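> Contents of final.csv (CSV, C-alpha atoms) are below:
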chain,number,residue,atom,x,y,z
A,1,MET,CA,11.7,-11.3,-3.9
A,2,GLY,CA,9.5,-9.6,-1.4
A,3,VAL,CA,10.3,-6.5,0.6
A,4,THR,CA,8.9,-3.8,2.8
A,5,HIS,CA,7.9,-0.3,1.4
A,6,ASN,CA,7.4,1.4,4.8
A,7,PRO,CA,7.9,5.1,3.8
A,8,LEU,CA,8.8,6.2,7.4
A,9,MET,CA,11.6,3.5,7.3
A,10,TRP,CA,12.8,4.9,4.0
A,11,ALA,CA,12.8,8.5,5.5
A,12,GLU,CA,14.9,7.3,8.4
A,13,LEU,CA,17.4,5.6,6.2
A,14,ARG,CA,18.1,8.6,4.1
A,15,ASN,CA,20.9,10.0,6.3
A,16,SER,CA,22.6,7.9,9.0
A,17,VAL,CA,21.2,4.5,9.8
A,18,PRO,CA,19.6,4.4,13.3
A,19,ASP,CA,20.5,1.4,15.4
A,20,ASP,CA,17.1,-0.3,15.1
A,21,LEU,CA,17.2,-0.1,11.3
A,22,ALA,CA,20.7,-1.5,10.9
A,23,GLY,CA,19.3,-5.0,10.0
A,24,VAL,CA,16.9,-3.5,7.5
A,25,ALA,CA,19.8,-1.4,5.9
A,26,ALA,CA,21.9,-4.6,5.7
A,27,ASN,CA,19.1,-6.6,4.1
A,28,PHE,CA,18.5,-3.9,1.5
A,29,GLY,CA,22.2,-3.8,0.9
A,30,GLN,CA,22.2,-7.6,0.3
A,31,PHE,CA,19.1,-7.6,-1.8
A,32,ARG,CA,20.5,-4.6,-3.9
A,33,SER,CA,23.6,-6.7,-4.7
A,34,VAL,CA,21.4,-9.6,-5.7
A,35,VAL,CA,19.5,-7.4,-8.0
A,36,SER,CA,22.7,-6.0,-9.4
A,37,ASP,CA,24.1,-9.5,-10.0
A,38,LEU,CA,20.9,-10.7,-11.6
A,39,ALA,CA,21.0,-7.7,-13.9
A,40,PRO,CA,17.3,-7.9,-14.8
A,41,ASP,CA,16.1,-6.4,-18.1
A,42,VAL,CA,12.8,-5.6,-16.5
A,43,ILE,CA,11.1,-5.7,-13.1
A,44,VAL,CA,7.5,-6.8,-12.5
A,45,LEU,CA,6.5,-5.1,-9.3
A,46,VAL,CA,3.4,-6.2,-7.4
A,47,ALA,CA,2.3,-3.5,-4.9
A,48,SER,CA,-0.7,-1.8,-3.5
A,49,ASP,CA,-1.5,1.8,-4.2
A,50,HIS,CA,-2.6,3.5,-0.9
A,51,PHE,CA,-5.4,5.8,-2.2
A,52,HIS,CA,-3.0,7.9,-4.2
A,53,MET,CA,-3.7,6.9,-7.8
A,54,LEU,CA,-6.9,4.9,-7.0
A,55,MET,CA,-9.9,5.8,-4.9
A,56,THR,CA,-13.1,3.8,-4.4
A,57,ALA,CA,-14.9,5.7,-7.2
A,58,ASN,CA,-13.0,3.1,-9.3
A,59,MET,CA,-11.2,0.3,-7.5
A,60,PRO,CA,-9.8,-2.5,-9.5
A,61,ALA,CA,-8.8,-5.7,-7.8
A,62,PHE,CA,-5.7,-6.2,-10.0
A,63,MET,CA,-4.5,-3.6,-12.5
A,64,ILE,CA,-1.4,-3.5,-14.8
A,65,GLY,CA,0.2,-0.3,-15.8
A,66,LYS,CA,1.4,-0.1,-19.4
A,67,ALA,CA,3.0,3.3,-20.0
A,68,PRO,CA,6.5,3.8,-21.4
A,69,MET,CA,7.2,6.4,-18.6
A,70,MET,CA,5.5,6.7,-15.3
A,71,ARG,CA,5.4,9.4,-12.7
A,72,ALA,CA,6.2,8.4,-9.1
A,73,ALA,CA,5.4,10.0,-5.7
A,74,PHE,CA,2.4,12.1,-5.1
A,75,PRO,CA,2.3,15.6,-3.6
A,76,ASN,CA,0.9,14.4,-0.3
A,77,GLU,CA,3.6,11.8,-0.1
A,78,MET,CA,6.2,14.5,-0.5
A,79,ARG,CA,4.5,16.4,2.4
A,80,HIS,CA,4.1,13.3,4.6
A,81,PHE,CA,7.3,11.4,3.9
A,82,GLY,CA,9.7,13.7,2.1
A,83,LEU,CA,9.6,11.7,-1.2
A,84,SER,CA,10.7,13.5,-4.3
A,85,PRO,CA,8.9,13.3,-7.6
A,86,LYS,CA,10.6,10.7,-9.9
A,87,GLN,CA,10.1,9.2,-13.3
A,88,VAL,CA,10.1,5.5,-13.7
A,89,ILE,CA,10.7,3.7,-17.1
A,90,GLY,CA,7.9,1.4,-18.1
A,91,ASP,CA,7.7,-1.6,-20.4
A,92,PRO,CA,4.4,-1.4,-22.4
A,93,ALA,CA,5.2,-4.5,-24.5
A,94,LEU,CA,5.7,-6.7,-21.5
A,95,ALA,CA,2.6,-5.1,-19.8
A,96,ALA,CA,0.5,-5.9,-22.9
A,97,HIS,CA,1.8,-9.5,-22.8
A,98,LEU,CA,0.9,-9.9,-19.2
A,99,LEU,CA,-2.6,-8.5,-19.9
A,100,GLY,CA,-3.0,-11.4,-22.3
A,101,GLY,CA,-2.1,-10.0,-25.7
A,102,ARG,CA,-5.1,-9.4,-28.0
A,103,ASP,CA,-7.5,-11.1,-25.6
A,104,LEU,CA,-7.5,-10.2,-22.0
A,105,ALA,CA,-6.2,-13.0,-19.8
A,106,PRO,CA,-9.4,-14.8,-19.2
A,107,ASP,CA,-8.9,-16.0,-15.7
A,108,MET,CA,-7.5,-12.8,-14.3
A,109,ASP,CA,-9.7,-10.1,-15.8
A,110,PHE,CA,-7.1,-7.4,-15.2
A,111,ALA,CA,-7.9,-3.7,-15.3
A,112,PHE,CA,-5.2,-1.7,-17.0
A,113,SER,CA,-3.9,1.9,-16.9
A,114,ASP,CA,-2.2,3.9,-19.7
A,115,GLU,CA,-1.3,6.5,-17.1
A,116,PRO,CA,-0.1,4.7,-14.0
A,117,TRP,CA,1.3,6.9,-11.3
A,118,LEU,CA,3.3,5.1,-8.7
A,119,ASP,CA,3.0,5.8,-5.0
A,120,HIS,CA,5.5,4.8,-2.2
A,121,SER,CA,4.4,1.2,-2.3
A,122,PHE,CA,6.2,1.0,-5.7
A,123,LEU,CA,8.7,3.7,-5.3
A,124,VAL,CA,10.3,2.9,-2.0
A,125,PRO,CA,11.4,-0.6,-3.0
A,126,LEU,CA,12.7,0.8,-6.3
A,127,LEU,CA,14.7,3.5,-4.6
A,128,LEU,CA,16.3,0.9,-2.3
A,129,LEU,CA,16.8,-1.9,-4.8
A,130,THR,CA,17.6,0.0,-8.0
A,131,PRO,CA,18.6,3.5,-6.8
A,132,LYS,CA,19.3,4.8,-10.3
A,133,LEU,CA,15.8,3.8,-11.4
A,134,ASP,CA,17.4,2.5,-14.6
A,135,VAL,CA,15.5,-0.9,-14.9
A,136,PRO,CA,12.1,-0.7,-16.6
A,137,VAL,CA,9.2,-1.6,-14.5
A,138,VAL,CA,5.7,-3.2,-15.1
A,139,PRO,CA,3.6,-2.2,-12.1
A,140,VAL,CA,0.9,-4.7,-11.0
A,141,PHE,CA,-1.5,-2.8,-8.7
A,142,THR,CA,-3.3,-5.0,-6.2
A,143,ASN,CA,-6.2,-3.8,-4.0
A,144,CYS,CA,-5.1,-4.4,-0.4
A,145,ASN,CA,-6.6,-1.2,1.1
A,146,ALA,CA,-10.2,-1.0,0.2
A,147,PRO,CA,-12.4,-4.0,1.1
A,148,PRO,CA,-13.6,-6.2,-0.3
A,149,ILE,CA,-10.1,-7.3,-1.0
A,150,PRO,CA,-9.3,-10.3,-3.3
A,151,THR,CA,-8.8,-13.6,-1.4
A,152,ALA,CA,-5.5,-15.2,-0.8
A,153,ALA,CA,-6.4,-17.8,-3.4
A,154,ARG,CA,-6.7,-15.0,-6.0
A,155,PHE,CA,-3.3,-13.6,-5.0
A,156,SER,CA,-1.9,-17.1,-5.4
A,157,GLU,CA,-3.5,-17.4,-8.8
A,158,LEU,CA,-2.0,-14.0,-9.7
A,159,GLY,CA,1.5,-15.3,-8.9
A,160,THR,CA,1.0,-18.5,-10.8
A,161,TYR,CA,-0.3,-16.6,-13.8
A,162,LEU,CA,2.5,-14.0,-13.8
A,163,ALA,CA,5.2,-16.7,-13.6
A,164,GLU,CA,3.6,-18.6,-16.5
A,165,ALA,CA,3.1,-15.5,-18.6
A,166,ILE,CA,6.7,-14.5,-18.0
A,167,ARG,CA,8.0,-17.9,-18.9
A,168,GLY,CA,5.8,-17.8,-22.0
A,169,LEU,CA,7.8,-14.8,-23.3
A,170,GLY,CA,10.1,-17.4,-24.8
A,171,SER,CA,12.9,-14.9,-25.0
A,172,SER,CA,16.1,-14.4,-23.1
A,173,ARG,CA,14.8,-11.4,-21.3
A,174,ARG,CA,15.6,-11.5,-17.6
A,175,VAL,CA,12.5,-10.6,-15.6
A,176,LEU,CA,12.7,-10.0,-11.8
A,177,ALA,CA,9.4,-10.2,-9.9
A,178,ILE,CA,9.2,-8.2,-6.7
A,179,GLY,CA,6.4,-8.1,-4.2
A,180,SER,CA,6.0,-5.1,-1.9
A,181,GLY,CA,4.1,-5.3,1.4
A,182,HIS,CA,3.9,-5.8,5.1
A,183,LEU,CA,3.9,-8.4,7.8
A,184,ALA,CA,1.5,-7.6,10.7
A,185,HIS,CA,1.0,-3.8,10.4
A,186,GLU,CA,-1.5,-1.3,11.7
A,187,LEU,CA,-2.2,2.3,10.7
A,188,GLY,CA,-5.2,4.4,11.8
A,189,GLY,CA,-6.2,2.0,14.5
A,190,PRO,CA,-5.6,1.3,18.2
A,191,ARG,CA,-2.4,-0.6,17.7
A,192,GLN,CA,-0.6,1.9,15.4
A,193,PHE,CA,3.0,3.0,16.3
A,194,LEU,CA,3.3,0.7,19.2
A,195,GLY,CA,7.1,0.6,18.6
A,196,THR,CA,6.8,-3.1,18.0
A,197,SER,CA,4.7,-5.5,15.9
A,198,PRO,CA,0.9,-5.6,16.5
A,199,ASP,CA,1.0,-9.4,16.2
A,200,PRO,CA,4.4,-11.1,16.6
A,201,ASP,CA,2.8,-14.6,16.3
A,202,PHE,CA,1.5,-13.8,12.9
A,203,ASP,CA,4.9,-12.5,11.8
A,204,GLN,CA,6.6,-15.6,12.9
A,205,LYS,CA,4.1,-17.8,11.1
A,206,ALA,CA,4.2,-15.7,8.0
A,207,VAL,CA,8.0,-15.8,7.8
A,208,SER,CA,7.9,-19.6,8.3
A,209,TRP,CA,5.4,-20.0,5.4
A,210,MET,CA,7.9,-18.4,3.1
A,211,ALA,CA,11.0,-20.1,4.6
A,212,ASP,CA,9.3,-23.6,4.4
A,213,GLY,CA,7.4,-23.0,1.2
A,214,LYS,CA,4.0,-23.5,2.8
A,215,LEU,CA,1.7,-21.9,0.2
A,216,GLU,CA,-1.5,-23.8,1.2
A,217,GLU,CA,-1.0,-23.1,4.8
A,218,ALA,CA,-0.4,-19.4,4.1
A,219,MET,CA,-3.6,-19.2,2.1
A,220,ALA,CA,-5.6,-20.9,4.8
A,221,ALA,CA,-4.5,-18.5,7.4
A,222,THR,CA,-4.8,-15.2,5.7
A,223,SER,CA,-8.5,-14.5,5.4
A,224,PHE,CA,-9.6,-10.8,5.7
A,225,ASP,CA,-10.6,-11.3,9.3
A,226,ARG,CA,-7.4,-13.1,10.3
A,227,LEU,CA,-5.3,-10.4,8.6
A,228,THR,CA,-7.4,-7.7,10.5
A,229,GLU,CA,-6.4,-9.4,13.7
A,230,ALA,CA,-2.8,-9.1,12.7
A,231,GLY,CA,-3.4,-5.4,12.1
A,232,ASN,CA,-5.6,-3.3,9.9
A,233,GLU,CA,-2.9,-2.8,7.3
A,234,SER,CA,-1.7,-6.4,7.1
A,235,TYR,CA,-3.6,-7.2,3.9
A,236,GLN,CA,-0.6,-6.2,1.9
A,237,PHE,CA,1.0,-9.5,3.1
A,238,LEU,CA,-1.1,-11.0,0.3
A,239,ASN,CA,1.4,-9.6,-2.2
A,240,PHE,CA,4.0,-12.1,-0.7
A,241,ILE,CA,1.5,-14.9,-1.3
A,242,THR,CA,1.7,-13.8,-5.0
A,243,CYS,CA,5.5,-14.1,-4.7
A,244,LEU,CA,5.4,-17.5,-3.1
A,245,ALA,CA,3.0,-18.8,-5.8
A,246,ALA,CA,5.1,-17.2,-8.5
A,247,ALA,CA,8.1,-19.2,-7.1
A,248,GLY,CA,6.0,-22.4,-7.5
A,249,GLY,CA,5.5,-22.6,-3.8
A,250,ARG,CA,9.2,-23.3,-3.2
A,251,ALA,CA,10.9,-22.5,0.0
A,252,ALA,CA,12.6,-19.0,0.1
A,253,ASN,CA,16.3,-18.9,0.3
A,254,PHE,CA,16.0,-15.9,2.7
A,255,ALA,CA,13.0,-15.1,4.9
A,256,GLU,CA,13.1,-12.6,7.7
A,257,GLY,CA,10.8,-10.3,9.6
A,258,THR,CA,13.5,-7.8,10.7
A,259,PRO,CA,12.5,-6.2,14.0
A,260,THR,CA,12.3,-2.4,14.0
A,261,ARG,CA,10.4,0.4,15.7
A,262,PHE,CA,7.9,0.0,12.9
A,263,GLY,CA,7.3,-3.7,13.7
A,264,ALA,CA,8.8,-6.6,11.8
A,265,LEU,CA,9.7,-5.6,8.2
A,266,PRO,CA,9.6,-8.3,5.6
A,267,PHE,CA,12.5,-9.6,3.4
A,268,PHE,CA,12.0,-12.7,1.2
A,269,SER,CA,13.9,-14.0,-1.7
A,270,TRP,CA,13.9,-17.1,-3.8
A,271,ASP,CA,16.5,-18.8,-6.0
A,272,VAL,CA,16.2,-18.2,-9.7
A,273,PRO,CA,14.1,-21.1,-11.1
B,1,MET,CA,-24.2,7.2,7.1
B,2,SER,CA,-22.2,8.3,4.1
B,3,ARG,CA,-18.9,6.5,4.7
B,4,TYR,CA,-17.7,6.9,1.1
B,5,LEU,CA,-18.3,10.6,1.2
B,6,VAL,CA,-16.3,11.0,4.4
B,7,ASN,CA,-13.5,9.0,2.9
B,8,LYS,CA,-13.7,11.1,-0.2
B,9,LEU,CA,-13.6,14.3,1.7
B,10,MET,CA,-10.5,13.2,3.7
B,11,TRP,CA,-8.9,11.9,0.5
B,12,GLU,CA,-9.5,15.2,-1.3
B,13,VAL,CA,-8.2,17.4,1.5
B,14,ASP,CA,-5.0,15.4,2.0
B,15,ARG,CA,-4.3,15.5,-1.8
B,16,SER,CA,-4.4,19.3,-1.9
B,17,ASP,CA,-1.9,21.5,-0.1
B,18,GLU,CA,-4.3,24.4,-0.5
B,19,ALA,CA,-7.2,22.4,1.1
B,20,VAL,CA,-4.9,21.3,4.0
B,21,GLU,CA,-3.9,24.8,4.8
B,22,GLY,CA,-7.5,26.0,4.4
B,23,PHE,CA,-8.8,23.3,6.7
B,24,LYS,CA,-6.2,24.3,9.3
B,25,ALA,CA,-7.3,27.9,9.1
B,26,ASP,CA,-11.1,27.4,9.0
B,27,ALA,CA,-12.5,23.9,8.6
B,28,GLY,CA,-16.0,25.2,8.3
B,29,VAL,CA,-15.2,27.2,5.2
B,30,VAL,CA,-13.6,24.3,3.5
B,31,LEU,CA,-16.5,22.0,4.4
B,32,ASP,CA,-19.1,24.5,3.2
B,33,GLU,CA,-17.4,24.7,-0.2
B,34,TRP,CA,-16.9,21.0,-0.4
B,35,GLU,CA,-20.4,20.1,0.5
B,36,ALA,CA,-21.8,22.6,-2.0
B,37,ARG,CA,-19.7,21.0,-4.8
B,38,THR,CA,-20.6,17.4,-3.7
B,39,LEU,CA,-24.3,18.1,-3.5
B,40,HIS,CA,-24.3,18.7,-7.3
B,41,PRO,CA,-21.6,16.5,-8.6
B,42,MET,CA,-20.9,15.3,-12.1
B,43,PRO,CA,-22.1,11.9,-13.1
B,44,PRO,CA,-21.8,9.1,-12.1
B,45,TYR,CA,-23.3,10.5,-8.9
B,46,PRO,CA,-26.1,12.6,-10.5
B,47,GLU,CA,-28.2,12.7,-7.3
B,48,GLY,CA,-25.3,14.1,-5.3
B,49,GLY,CA,-24.7,13.4,-1.7
B,50,THR,CA,-24.1,15.1,1.5
B,51,LEU,CA,-22.5,14.4,4.9
B,52,THR,CA,-24.7,13.7,7.8
B,53,VAL,CA,-24.8,16.2,10.6
B,54,ASP,CA,-22.8,13.8,12.8
B,55,GLU,CA,-20.2,13.2,10.2
B,56,ARG,CA,-19.7,16.9,9.5
B,57,ARG,CA,-19.5,17.7,13.2
B,58,ALA,CA,-17.0,14.9,13.8
B,59,ILE,CA,-14.8,16.1,10.9
B,60,GLU,CA,-15.0,19.7,11.9
B,61,ASN,CA,-14.1,18.8,15.6
B,62,ARG,CA,-11.4,16.4,14.5
B,63,ASP,CA,-13.2,13.8,16.5
B,64,TYR,CA,-11.2,10.8,15.3
B,65,GLY,CA,-12.7,8.4,17.7
B,66,SER,CA,-16.2,9.0,16.3
B,67,LEU,CA,-15.0,8.9,12.7
B,68,TYR,CA,-13.1,5.7,13.4
B,69,ALA,CA,-16.2,4.2,15.0
B,70,MET,CA,-18.3,5.1,12.0
B,71,GLY,CA,-16.1,2.9,9.8
B,72,VAL,CA,-14.2,5.4,7.7
B,73,ASN,CA,-11.1,3.9,6.1
B,74,PRO,CA,-8.4,3.8,8.9
B,75,PHE,CA,-5.6,4.6,6.5
B,76,LEU,CA,-7.3,7.6,5.1
B,77,LEU,CA,-8.3,8.8,8.5
B,78,TRP,CA,-4.8,8.7,9.8
B,79,GLN,CA,-3.4,10.4,6.7
B,80,PHE,CA,-6.1,13.1,7.1
B,81,ALA,CA,-5.4,13.5,10.8
B,82,ARG,CA,-1.7,13.9,10.1
B,83,ALA,CA,-2.3,16.3,7.2
B,84,ILE,CA,-4.5,18.7,9.2
B,85,SER,CA,-2.7,18.6,12.5
B,86,VAL,CA,-0.9,21.8,13.4
B,87,PRO,CA,2.6,20.8,14.8
B,88,GLU,CA,2.8,24.0,16.9
B,89,GLU,CA,-0.4,23.0,18.7
B,90,THR,CA,-0.1,19.2,18.7
B,91,SER,CA,3.2,17.3,18.3
B,92,ILE,CA,3.2,14.1,16.3
B,93,GLU,CA,3.7,12.1,19.5
B,94,GLU,CA,0.7,13.7,21.0
B,95,LEU,CA,-1.4,13.1,17.9
B,96,VAL,CA,-0.3,9.4,17.8
B,97,ALA,CA,-1.2,9.0,21.5
B,98,SER,CA,-4.6,10.8,21.3
B,99,PHE,CA,-5.6,9.0,18.1
B,100,ARG,CA,-4.8,5.6,19.6
B,101,GLU,CA,-6.8,6.5,22.7
B,102,ALA,CA,-9.7,7.7,20.6
B,103,ALA,CA,-9.7,4.5,18.5
B,104,GLU,CA,-9.1,2.0,21.3
B,105,PRO,CA,-12.7,1.7,22.6
B,106,HIS,CA,-14.1,0.9,19.2
B,107,GLY,CA,-12.0,-2.1,18.3
B,108,TYR,CA,-12.1,-2.9,14.6
B,109,PRO,CA,-15.3,-1.5,13.0
B,110,ASP,CA,-16.3,-2.7,9.6
B,111,PHE,CA,-14.9,-0.2,7.1
B,112,PHE,CA,-16.3,-1.6,3.9
B,113,THR,CA,-17.9,1.1,1.7
The structure given in the file should be rewritten as structure tokens.

Amino acid sequence: MGVTHNPLMWAELRNSVPDDLAGVAANFGQFRSVVSDLAPDVIVLVASDHFHMLMTANMPAFMIGKAPMMRAAFPNEMRHFGLSPKQVIGDPALAAHLLGGRDLAPDMDFAFSDEPWLDHSFLVPLLLLTPKLDVPVVPVFTNCNAPPIPTAARFSELGTYLAEAIRGLGSSRRVLAIGSGHLAHELGGPRQFLGTSPDPDFDQKAVSWMADGKLEEAMAATSFDRLTEAGNESYQFLNFITCLAAAGGRAANFAEGTPTRFGALPFFSWDVP
Amino acid sequence: MSRYLVNKLMWEVDRSDEAVEGFKADAGVVLDEWEARTLHPMPPYPEGGTLTVDERRAIENRDYGSLYAMGVNPFLLWQFARAISVPEETSIEELVASFREAAEPHGYPDFFT
């Protein structure tokens, strides 16, 4: 599945649900019950750190966290968004498997971290989908904030790779893959906080790529420059290309850009293969 | 232009409650200390680095339009602007509006480092 991680949305949902977020609250309620019914043993969570753990002194394109226990929420996120420090259970064995085992996955060249610290891009979806934080998580960090950003084709390959590696476990473990990201979104630019989407046309197309299973079309229309046109934080849509590829390019069973004061917030899910 | 150093400065200030409060009280003091440290950093930047006069002035004056036009990272810039704003002087609504107005004339500058 694929969901928003907007921390201002999360902060608004903590108490009573404002009118414009009723649809978002309902979608999270629905997705939460899907997760509960699926009863996953582990979650592989693809998200993009926002200069909390990672800065451009060292900026991996794709990085897998493989610690047994991970810190979540950074001090400045507590200050900005009211997040509280949490601990999230990891799954080092699955993380090691995804990295490729004894030899690093040759086509992916992942970086890895033995001390991953999860920011809101990971924590907000977890708080809203598994509020007890009782399902182990393998975090897959993708660079969507510091250009050069990997191409849509690479995000697609990441999805295909993760799905194959998970299938290759050959066990009865139930693995849920979640992508965390945005539709058209802007922060720190002329179109931030407009009270609506910076690019409704992009949102509509993006939702249809998921609803109709149009992976090739999605990849062709999500270059760095086109995503910048949609808004200077729209690069995190690429995490949903990873979801679509992981689902084998199949049509989503639910695809919506839910309108809010923060723009359209994404919700995508696929049938269990 | 030392785009990376400006990004790093904004990143480091926002990460530290102490630096945020220091910057609000006296930006010049925080910048003097930071620049002295950055001039003689540990490897892998043995030659050190410094902000240009324009960069330092823009940071000190909270000139977000100039910083945006220089191609600093927009996300870091907005987080920094939020962090060092003083709500008693500038409401979040005023900050959002003035930031947008400052960025508007510059479109979408390249922010690669």
> Of the candidates A:Pro106, A:Pro131, A:Gly189, A:Pro116, which shows the shortest atom-to-atom distance to chain B, using all atoms listed in the file?
A:Gly189
> Restrict the calculation to only C-alpha atoms, then for each residue of chain A with any atom at most 12 Å from an atom of chain B give the closest atom pair and their distance in Å to one decimal, rows by chain and rising residue number, as a tab-separated table.

residue	atom	partner	partner_atom	distance
A:Asp49	CA	B:Phe75	CA	11.8
A:His50	CA	B:Phe75	CA	8.1
A:Phe51	CA	B:Trp11	CA	7.5
A:His52	CA	B:Arg15	CA	8.1
A:Met53	CA	B:Arg15	CA	10.5
A:Leu54	CA	B:Trp11	CA	10.5
A:Met55	CA	B:Lys8	CA	8.0
A:Thr56	CA	B:Tyr4	CA	7.8
A:Ala57	CA	B:Tyr4	CA	8.8
A:Asn58	CA	B:Pro44	CA	11.0
A:Met59	CA	B:Thr113	CA	11.4
A:Ala73	CA	B:Arg15	CA	11.8
A:Phe74	CA	B:Arg15	CA	8.2
A:Pro75	CA	B:Arg15	CA	6.8
A:Asn76	CA	B:Arg15	CA	5.5
A:Glu77	CA	B:Arg15	CA	8.9
A:Met78	CA	B:Arg15	CA	10.6
A:Arg79	CA	B:Ala83	CA	8.3
A:His80	CA	B:Ala83	CA	7.5
A:Phe81	CA	B:Gln79	CA	11.1
A:Cys144	CA	B:Phe75	CA	11.4
A:Asn145	CA	B:Phe75	CA	8.0
A:Ala146	CA	B:Phe112	CA	7.2
A:Pro147	CA	B:Phe112	CA	5.4
A:Pro148	CA	B:Phe112	CA	6.8
A:Ile149	CA	B:Phe112	CA	9.7
A:His185	CA	B:Phe75	CA	11.4
A:Glu186	CA	B:Phe75	CA	8.9
A:Leu187	CA	B:Phe75	CA	5.9
A:Gly188	CA	B:Pro74	CA	4.4
A:Gly189	CA	B:Ala103	CA	5.9
A:Pro190	CA	B:Arg100	CA	4.6
A:Arg191	CA	B:Arg100	CA	6.9
A:Gln192	CA	B:Arg100	CA	7.0
A:Phe193	CA	B:Val96	CA	7.4
A:Leu194	CA	B:Arg100	CA	9.5
A:Gly195	CA	B:Val96	CA	11.5
A:Phe224	CA	B:Asp110	CA	11.2
A:Asp225	CA	B:Tyr108	CA	10.0
A:Leu227	CA	B:Tyr108	CA	11.8
A:Thr228	CA	B:Tyr108	CA	7.9
A:Glu229	CA	B:Tyr108	CA	8.7
A:Ala230	CA	B:Tyr108	CA	11.3
A:Gly231	CA	B:Tyr108	CA	9.4
A:Asn232	CA	B:Pro74	CA	7.7
A:Glu233	CA	B:Phe75	CA	7.9
A:Ser234	CA	B:Phe75	CA	11.7
> Between atom CA of Trp10 of chain A and atom CA of Val124 of chain A, what is the spacing in Å?
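Going from atom CA of Val124 of chain A over to atom CA of Trp10 of chain A, I get 6.8 Å.
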> What's the separation between atom CA of Ala246 of chain A and atom CA of Ser223 of chain A, in Å to one decimal place?
19.6 Å
> At a cut-off of 6 Å around the point (15.9, 0.6, 5.0) (file coordinates), what residues fall inside when counting all atoms listed in the file? I'd like the answer as a list in words.
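Result, sorted by chain then residue number: Met9, Trp10, Leu13, Val24 and Ala25 of chain A.
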> Determine the nearest neighbour of Gly159 of chain A from the options A:Val207, A:Gly249, A:Arg173, A:Ala111, counting all atoms listed in the file.
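Among A:Val207, A:Gly249, A:Arg173, A:Ala111, it is A:Gly249 that comes nearest to Gly159 of chain A.
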> In the coordinates of the file, take the point (-16.0, 19.1, 2.0) and a cut-off of 9 Å; then, counting all atoms listed in the file, name each qualifying protein, DNA or RNA residue as a compact mmCIF listing (two decimals) with C-alpha atoms, in the frame of the given file.

# COMPACT_ATOMS: atom_id res chain seq x y z
CA LEU B 5 -18.30 10.60 1.20
CA VAL B 6 -16.30 11.00 4.40
CA LYS B 8 -13.70 11.10 -0.20
CA LEU B 9 -13.60 14.30 1.70
CA MET B 10 -10.50 13.20 3.70
CA GLU B 12 -9.50 15.20 -1.30
CA VAL B 13 -8.20 17.40 1.50
CA ALA B 27 -12.50 23.90 8.60
CA GLY B 28 -16.00 25.20 8.30
CA VAL B 29 -15.20 27.20 5.20
CA VAL B 30 -13.60 24.30 3.50
CA LEU B 31 -16.50 22.00 4.40
CA ASP B 32 -19.10 24.50 3.20
CA GLU B 33 -17.40 24.70 -0.20
CA TRP B 34 -16.90 21.00 -0.40
CA GLU B 35 -20.40 20.10 0.50
CA ALA B 36 -21.80 22.60 -2.00
CA ARG B 37 -19.70 21.00 -4.80
CA THR B 38 -20.60 17.40 -3.70
CA LEU B 51 -22.50 14.40 4.90
CA ARG B 56 -19.70 16.90 9.50
> Have a look at atom CA of Leu133 of chain A and atom CA of Lys86 of chain A and let me know their distance in Å, one decimal.
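Atom CA of Lys86 of chain A lies 8.8 Å from atom CA of Leu133 of chain A.
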> Counting all atoms listed in the file, what is within 12 Å of Arg14 of chain A, bar same-chain residues fewer than 6 positions away, as a PyMOL selection string?
chain A and resi 7-8+21+25+81-83+124+127-128
> Check the smallest atom-to-atom distance from each of B:Ser2, B:Asn61, B:Lys24, B:Thr50 to Val86 of chain B using all atoms listed in the file, then report the winner.
B:Lys24
> Which one of B:Leu39, B:Ala69, B:Ile84, B:Ile92 sits closest to Ala19 of chain B if you count only C-alpha atoms?
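Residue with the minimum atom-to-atom distance to Ala19 of chain B: B:Ile84.
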> So, with all atoms listed in the file as the atoms that count, which of A:His5, A:Lys214, A:Lys66, A:Arg32 lies closest to Ser156 of chain A?
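Residue with the minimum atom-to-atom distance to Ser156 of chain A: A:Lys214.
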> Could segment 102-109 of chain B be completed with N, CA and C atoms and written as a tab-separated table (two decimals), in the frame of the given file, please?

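Writing done, so here's part.tsv:
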chain	number	residue	atom	x	y	z
B	102	ALA	N	-8.38	7.45	21.15
B	102	ALA	CA	-9.70	7.70	20.60
B	102	ALA	C	-10.24	6.42	19.89
B	103	ALA	N	-9.32	5.68	19.24
B	103	ALA	CA	-9.70	4.50	18.50
B	103	ALA	C	-9.97	3.29	19.37
B	104	GLU	N	-9.19	3.22	20.42
B	104	GLU	CA	-9.10	2.00	21.30
B	104	GLU	C	-10.52	1.47	21.69
B	105	PRO	N	-11.46	2.29	22.17
B	105	PRO	CA	-12.70	1.70	22.60
B	105	PRO	C	-13.54	1.06	21.54
B	106	HIS	N	-13.20	1.34	20.29
B	106	HIS	CA	-14.10	0.90	19.20
B	106	HIS	C	-13.59	-0.37	18.50
B	107	GLY	N	-12.45	-0.89	18.92
B	107	GLY	CA	-12.00	-2.10	18.30
B	107	GLY	C	-11.73	-2.00	16.84
B	108	TYR	N	-12.32	-2.92	16.06
B	108	TYR	CA	-12.10	-2.90	14.60
B	108	TYR	C	-13.43	-2.86	13.86
B	109	PRO	N	-14.00	-1.65	13.72
B	109	PRO	CA	-15.30	-1.50	13.00
B	109	PRO	C	-15.15	-1.91	11.56
